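Q: Structure file my_file.txt (compact mmCIF, C-alpha atoms) is given on the next line.
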```
# COMPACT_ATOMS: atom_id res chain seq x y z
CA MET V 1 -15.18 6.77 5.43
CA ILE V 2 -17.34 5.52 2.56
CA ALA V 3 -15.63 7.91 0.15
CA ALA V 4 -12.22 6.77 1.42
CA THR V 5 -13.18 3.13 0.96
CA MET V 6 -14.35 3.77 -2.60
CA TYR V 7 -11.15 5.68 -3.39
CA VAL V 8 -8.99 2.88 -1.98
CA MET V 9 -10.97 0.28 -3.92
CA PHE V 10 -10.36 2.25 -7.13
CA GLN V 11 -6.64 2.51 -6.33
CA LEU V 12 -6.43 -1.23 -5.66
CA TYR V 13 -8.18 -1.89 -8.96
CA ARG V 14 -5.78 0.47 -10.75
CA ARG V 15 -2.55 -0.54 -9.02
CA GLY V 16 -3.14 -4.11 -7.95
CA PRO V 17 -3.56 -6.51 -10.83
CA SER V 18 -0.64 -7.80 -12.81
CA ARG V 19 -0.58 -6.95 -16.45
CA SER V 20 -0.52 -9.66 -19.09
CA LEU V 21 2.75 -10.69 -20.66
CA PRO V 22 2.75 -10.19 -24.42
CA ALA V 23 2.36 -13.56 -26.14
CA ASP V 24 5.29 -12.95 -28.51
CA ALA V 25 7.78 -11.92 -25.81
CA GLY V 26 11.12 -13.64 -25.80
CA LEU V 27 13.14 -14.58 -22.73
CA ARG V 28 14.82 -11.17 -22.23
CA ALA V 29 11.58 -9.29 -22.91
CA SER V 30 9.78 -11.56 -20.43
CA LEU V 31 12.37 -10.85 -17.74
CA ASP V 32 12.21 -7.11 -18.43
CA PHE V 33 8.42 -7.24 -18.23
CA HIS V 34 8.59 -9.12 -14.93
CA LEU V 35 11.07 -6.59 -13.54
CA ARG V 36 8.79 -3.68 -14.49
CA GLU V 37 5.84 -5.40 -12.83
CA LEU V 38 7.83 -6.00 -9.65
CA GLU V 39 8.99 -2.37 -9.62
CA ARG V 40 5.40 -1.19 -10.10
CA GLN V 41 4.21 -3.37 -7.22
CA ARG V 42 7.07 -2.22 -4.99
CA TYR V 43 6.20 1.42 -5.70
CA ALA V 44 2.55 0.78 -4.83
CA LEU V 45 3.61 -0.78 -1.53
CA HIS V 46 6.05 2.03 -0.72
CA THR V 47 3.37 4.65 -1.28
CA VAL V 48 0.57 2.84 0.56
CA TRP V 49 0.49 5.63 3.16
CA ALA V 50 -0.68 8.13 0.52
CA TRP V 51 -3.28 6.18 -1.41
CA TYR V 52 -4.42 3.57 1.14
CA LEU V 53 -4.04 5.05 4.64
CA LEU V 54 -4.27 8.82 4.24
CA PRO V 55 -7.80 8.83 2.75
CA PHE V 56 -9.12 7.37 6.03
CA VAL V 57 -7.59 10.05 8.25
CA PRO V 58 -10.42 12.62 7.88
CA GLY V 59 -13.02 10.00 8.82
CA PHE V 60 -10.93 8.90 11.77
CA VAL V 61 -10.48 12.47 12.98
CA ALA V 62 -14.23 13.05 12.72
CA ALA V 63 -14.97 9.82 14.63
CA PHE V 64 -12.37 10.72 17.24
CA VAL V 65 -13.87 14.20 17.75
CA VAL V 66 -17.38 12.74 18.05
CA ARG V 67 -16.12 10.25 20.62
CA VAL V 68 -14.41 13.01 22.62
CA VAL V 69 -17.58 15.13 22.58
CA ASP V 70 -19.87 12.22 23.49
CA ARG V 71 -17.76 10.34 26.03
CA GLY V 72 -14.82 12.54 26.94
CA PHE V 73 -11.19 12.59 25.99
CA ALA V 74 -10.18 9.70 28.26
CA SER V 75 -12.51 7.26 26.49
CA ALA V 76 -11.24 8.38 23.09
CA ILE V 77 -7.61 7.55 23.88
CA PRO V 78 -7.95 3.75 23.39
CA PHE V 79 -9.93 4.39 20.19
CA GLY V 80 -7.20 6.68 18.86
CA ALA V 81 -4.40 4.38 19.96
CA GLY V 82 -6.07 1.42 18.25
CA PHE V 83 -6.44 3.37 15.06
CA VAL V 84 -2.79 4.45 15.12
CA LEU V 85 -1.64 0.89 15.81
CA ILE V 86 -3.68 -0.48 12.94
CA PHE V 87 -2.33 2.19 10.59
CA PHE V 88 1.22 1.55 11.72
CA GLY V 89 0.74 -2.21 11.33
CA VAL V 90 -0.63 -1.88 7.80
CA TRP V 91 2.17 0.49 6.84
CA THR V 92 4.84 -1.77 8.39
CA LEU V 93 3.56 -4.89 6.61
CA ASN V 94 3.52 -3.07 3.29
CA GLN V 95 7.06 -1.77 3.80
CA TRP V 96 8.20 -5.31 4.62
CA ALA V 97 6.58 -6.61 1.42
CA ALA V 98 8.18 -3.77 -0.59
CA ARG V 99 11.63 -4.69 0.77
CA LYS V 100 11.00 -8.34 -0.10
CA ILE V 101 10.07 -7.40 -3.65
CA GLY V 102 13.14 -5.14 -3.75
CA ARG V 103 15.35 -8.13 -2.96
CA SER V 104 13.70 -10.07 -5.79
CA ILE V 105 14.31 -7.16 -8.16
CA GLN V 106 17.96 -7.02 -7.12
CA GLU V 107 18.38 -10.76 -7.68
CA LEU V 108 16.84 -10.52 -11.15
CA LYS V 109 19.03 -7.57 -12.08
CA GLU V 110 22.12 -9.53 -11.08
CA GLN V 111 21.19 -12.33 -13.50
CA PRO V 112 23.31 -12.41 -16.68
```
Give the structure from this file in structure tokens form.
A:
Amino acid sequence: MIAATMYVMFQLYRRGPSRSLPADAGLRASLDFHLRELERQRYALHTVWAWYLLPFVPGFVAAFVVRVVDRGFASAIPFGAGFVLIFFGVWTLNQWAARKIGRSIQELKEQP
């Protein structure tokens, strides 16, 4: 889980921050830059399952197995269900944000 957290932190550092707009950019270049940034952010949100959620799966599986061995399968079911719900919630929120950014991209592309 620690390794997964470190990997996700690195990915957030790499994917998350906005890049700086060149100081000499004109209006069209500024819009193009903004569009590329939005597309980059939308891609990061669409692929959150691979770089944000998937790294935690091995740790979860290990914790689930330990819980089954220690307390039995019945006590591990709520633990597993909670984990799945959290993963699904994180994925759903990121997909919603990606769609929202997609609408912004579409609106900008329709501008003359």
Q: Go through V:Ala98, V:Leu108, V:Val69, V:Val57 one by one, measure the shortest atom-to-atom distance of each to Phe83 in chain V using only C-alpha atoms, and give the residue with the smallest value.
A: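 Smallest distance to Phe83 in chain V is found for V:Val57.
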Q: What's the 12 Å shell around Arg28 in chain V, counting all atoms listed in the file, without same-chain residues fewer than 5 positions away, as a ChimeraX atom specification?
A: /V:33-35,108-109,111-112
Q: List as JSON, numbers by chain the protein and nucleic acid residues near Gln95 in chain V, meaning an atom at most 10 Å away when all atoms listed in the file are counted, but skip any in the same chain fewer than 2 places from it.
A: {"V": [42, 45, 46, 47, 48, 49, 89, 90, 91, 92, 93, 97, 98, 99, 100, 101]}
Q: Would you please work out which residue, of V:Gly80, V:Glu39, V:Asp70, V:Ala44, is nearest to Gln106 in chain V when using all atoms listed in the file?
A: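 Looking only at the distances to Gln106 in chain V, the closest residue turns out to be V:Glu39.
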Q: Taking into account all atoms listed in the file, which residue in the set V:Ser75, V:Gln41, V:Ser18, V:Gln11 is nearest to Ser104 in chain V?
A: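 Of the candidates, the smallest distance to Ser104 in chain V is held by V:Gln41.
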Q: Which of these, V:Ala63, V:Gly26, V:Phe79, V:Trp51, has the shortest distance to Met9 in chain V once you count only C-alpha atoms?
A: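 Using only C-alpha atoms, the shortest distance to Met9 in chain V belongs to V:Trp51.
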Q: Can you work out the spacing between CA of Ile105 in chain V and CA of Tyr43 in chain V in Å, to one decimal?
A: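 Computing it gives 12.1 Å between the two atoms.
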Q: Pick the closest to Arg15 in chain V from V:Val68, V:Glu107, V:Glu37, V:Ala29: which is it, counting only C-alpha atoms?
A: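 Smallest distance to Arg15 in chain V is found for V:Glu37.
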Q: Which distance in Å separates CA of Pro58 in chain V and CA of Ala81 in chain V, to one decimal?
A: 15.8 Å
Q: V:Gly102, V:Phe87, V:Leu21, V:Tyr13: which is nearest Phe56 in chain V, counting all atoms listed in the file?
A: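 When distances to Phe56 in chain V are compared using all atoms listed in the file, the smallest one comes from V:Phe87.
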Q: Put a box with edges along x, y and z around all the listed atoms of range 76-81 of chain V, pad it by 8 Å on each side, then give me its centre and sizes in Å, one decimal, as lines of an AutoDock Vina configuration file.
A:
```
center_x = -7.8
center_y = 6.1
center_z = 21.4
size_x = 22.8
size_y = 20.6
size_z = 21.0
```
Q: Rounded to one decimal, what separation in Å do you get between CA of Arg36 in chain V and CA of Ser20 in chain V?
A: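 Those two atoms sit 12.0 Å apart.
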